[in-house]
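Step one of this worksheet: look at the structure below.
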Amino acid sequence: MSSAPVIPSGTVRKSPGMTMKRRRRLDTTWRLIVAFLFIAYALFPILYVIGTSLNPSGSLQSSQIFPSNPTLANYQKLLTSQQNPFLKWMLNSLLVSTTTAIITVALCAVAAYSFSRFRWRSRKRLLQGLLLSQVFPNVLAMVALYLILQQIGRYYPAFGLNTLGGLILIYLGGAIGFNTWLMKGFFDTVPRDLDESAMLDGASAWQTFYTIILPLVRPVLAVIFMLSFIGTYGDYLLAKVMLSNTEKYTVAVGLSLFIGQQFGQRWGEFAAGAVIAAIPTLILFYISQSQLQGGLTSGAIKG
């Protein structure tokens, strides 16, 4: 008969369960460390800007993230300045960004539904043309866009140079192509059986699109809205070229005046403006966060 192995005295036998627990703890520890480093890396610029906005000296040269004697004087100067109408710039940016986002969502939804559900001549070529148009950014066509708005302004002054309407037209031309492709991929995940059932019940193509398809693709509509809003809200170069009147400036162009006229002396007001300008985006993210999560994940799952 075979005898059981003899374990020397003074030795402890490690069970596989204990080894797995230690590995899981070590893995969790490393993940927490990496996550903390990424969070610190992301939050440091934000905290630095907030600290600069509270610095009474208005300088970037400080060894501390938060000043020892914080004050709201920079915010008061920013909001009460007659030379630089910050609140007017904020309203201009909100008007341009919101209008662009709403029209982009509406046009892209109709175009994506057409590309996804119908088969018609030159459909693939037009899709390829939309994708090809996104290869060249608006910056490369800046001179052409400037001349086009100049010509449009002769017949329709509300959409010419130095107008918010003309700036909205430029943003719409650069946003529809990519967003149509993105939305089409989400429309393709919606089963076609829903369309056929609605048609059998007597619904038209428009009724099917408006009452059945749109509620199902609400998450991707929120994603497109946020992408369009953020892309236009923070744009500087195109707005700077197309707008010349201070009253028509957007917030990104207007804030550049604080560091362009008196460089190095008005960083406090600039930081205060950056903090206030970020509030609408934060509110929008907070309101639509559930829809954004669904739009960024559900579209990748083929139904």
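Here, A, B, ... name the chains of the structure tokens in the order displayed, residue numbers run from 1 inside each chain, and ligands are numbered from 1 in the same displayed order.
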Hey, could you make a per-residue contact list for stretch 82-112 of chain A against stretch 164-176 of chain A with 10 Å as the cut-off, showing the nearest pair of atoms and its distance in Å to one decimal, counting only C-alpha atoms, sorted by chain and number, as a tab-separated table?
residue	atom	partner	partner_atom	distance
A:Asn92	CA	A:Leu164	CA	7.6
A:Ser93	CA	A:Leu164	CA	9.1
A:Leu95	CA	A:Leu164	CA	8.4
A:Val96	CA	A:Ile168	CA	6.0
A:Ser97	CA	A:Ile168	CA	8.0
A:Thr98	CA	A:Ile168	CA	9.8
A:Thr99	CA	A:Ile168	CA	7.5
A:Thr100	CA	A:Ile168	CA	5.9
A:Ala101	CA	A:Leu172	CA	8.5
A:Ile103	CA	A:Leu172	CA	7.7
A:Thr104	CA	A:Ile176	CA	6.1
A:Val105	CA	A:Ile176	CA	8.5
A:Ala106	CA	A:Ile176	CA	9.9
A:Leu107	CA	A:Ile176	CA	7.4
A:Cys108	CA	A:Ile176	CA	6.1
A:Ala109	CA	A:Ile176	CA	9.9
A:Ala111	CA	A:Ile176	CA	9.1
Those selected residues, please, written with C-alpha atoms and delivered as a short mmCIF file (atom, residue, chain, number, x, y, z; two decimals), in the first residue's frame.
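Done, and the output landed in out_11.cif:
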data_model
loop_
_atom_site.label_atom_id
_atom_site.label_comp_id
_atom_site.auth_asym_id
_atom_site.auth_seq_id
_atom_site.Cartn_x
_atom_site.Cartn_y
_atom_site.Cartn_z
CA ASN A 92 -23.52 84.06 -29.13
CA SER A 93 -21.74 80.75 -28.53
CA LEU A 95 -26.96 80.35 -29.98
CA VAL A 96 -24.52 79.14 -32.63
CA SER A 97 -23.76 75.80 -30.96
CA THR A 98 -27.35 74.94 -30.07
CA THR A 99 -28.71 75.89 -33.50
CA THR A 100 -25.96 73.97 -35.27
CA ALA A 101 -26.47 70.89 -33.09
CA ILE A 103 -30.11 71.27 -37.36
CA THR A 104 -27.28 68.72 -37.62
CA VAL A 105 -29.27 66.11 -35.71
CA ALA A 106 -32.39 66.73 -37.81
CA LEU A 107 -30.62 66.60 -41.19
CA CYS A 108 -28.38 63.66 -40.27
CA ALA A 109 -31.33 61.64 -38.93
CA ALA A 111 -30.21 61.33 -44.33
#
All residues 12 Å or closer to stretch 221-224 of chain A, only C-alpha atoms, same chain fewer than 2 positions away omitted, as a tab-separated table (two decimals) with C-alpha atoms, in the first residue's frame:
chain	number	residue	atom	x	y	z
A	98	THR	CA	-27.35	74.94	-30.07
A	100	THR	CA	-25.96	73.97	-35.27
A	101	ALA	CA	-26.47	70.89	-33.09
A	102	ILE	CA	-30.27	70.84	-33.58
A	103	ILE	CA	-30.11	71.27	-37.36
A	104	THR	CA	-27.28	68.72	-37.62
A	105	VAL	CA	-29.27	66.11	-35.71
A	106	ALA	CA	-32.39	66.73	-37.81
A	107	LEU	CA	-30.62	66.60	-41.19
A	108	CYS	CA	-28.38	63.66	-40.27
A	109	ALA	CA	-31.33	61.64	-38.93
A	110	VAL	CA	-33.28	62.04	-42.18
A	112	ALA	CA	-29.12	58.33	-42.25
A	175	ALA	CA	-20.62	68.31	-39.50
A	176	ILE	CA	-23.23	66.58	-41.62
A	177	GLY	CA	-20.98	64.13	-43.49
A	178	PHE	CA	-19.29	62.34	-40.59
A	179	ASN	CA	-22.37	62.41	-38.36
A	180	THR	CA	-24.51	60.92	-41.13
A	181	TRP	CA	-22.13	57.98	-41.35
A	182	LEU	CA	-22.13	57.57	-37.58
A	183	MET	CA	-25.90	57.70	-37.36
A	184	LYS	CA	-26.37	55.34	-40.32
A	186	PHE	CA	-26.78	52.96	-35.56
A	187	PHE	CA	-29.86	52.86	-37.82
A	213	ILE	CA	-37.47	54.59	-35.45
A	214	LEU	CA	-36.59	57.91	-33.82
A	215	PRO	CA	-37.53	56.84	-30.26
A	216	LEU	CA	-35.34	53.74	-30.66
A	217	VAL	CA	-32.29	55.71	-31.82
A	218	ARG	CA	-32.59	58.42	-29.18
A	219	PRO	CA	-29.16	57.62	-27.66
A	226	MET	CA	-23.18	66.59	-27.94
A	227	LEU	CA	-20.46	66.14	-30.56
A	228	SER	CA	-21.85	68.98	-32.67
A	229	PHE	CA	-22.36	71.24	-29.67
A	230	ILE	CA	-18.87	70.74	-28.25
A	231	GLY	CA	-17.19	70.98	-31.66
A	284	LEU	CA	-25.52	69.23	-20.83
A	285	PHE	CA	-23.35	66.21	-20.03
A	287	ILE	CA	-28.57	65.93	-18.19
A	288	SER	CA	-27.90	63.53	-21.06
A	289	GLN	CA	-25.37	61.15	-19.49
A	290	SER	CA	-27.72	58.15	-19.56
A	291	GLN	CA	-28.47	58.67	-23.25
A	292	LEU	CA	-24.79	59.18	-24.04
A	293	GLN	CA	-23.83	55.87	-22.44
A	294	GLY	CA	-26.43	54.05	-24.49
A	295	GLY	CA	-25.45	55.82	-27.70
A	296	LEU	CA	-21.76	55.04	-27.34
A	297	THR	CA	-22.23	51.35	-26.50
A	298	SER	CA	-25.49	50.10	-28.01
A	299	GLY	CA	-24.54	51.13	-31.50
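Nearest to A:Ser68 of all the residues A:Ala278, A:Leu237, A:Leu54, A:Ala205 is A:Leu54, counting only C-alpha atoms.
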Checklist entry - What gap, in Å, lies between atom CA of A:Gly254 and atom CA of A:Gly268? => result 14.7 Å
Next on the checklist: Show me, as a count of residues only, the residues that have an atom within 9 Å of A:Glu247 when counting only C-alpha atoms, minus same-chain residues fewer than 3 positions from it.
Outcome noted: 7
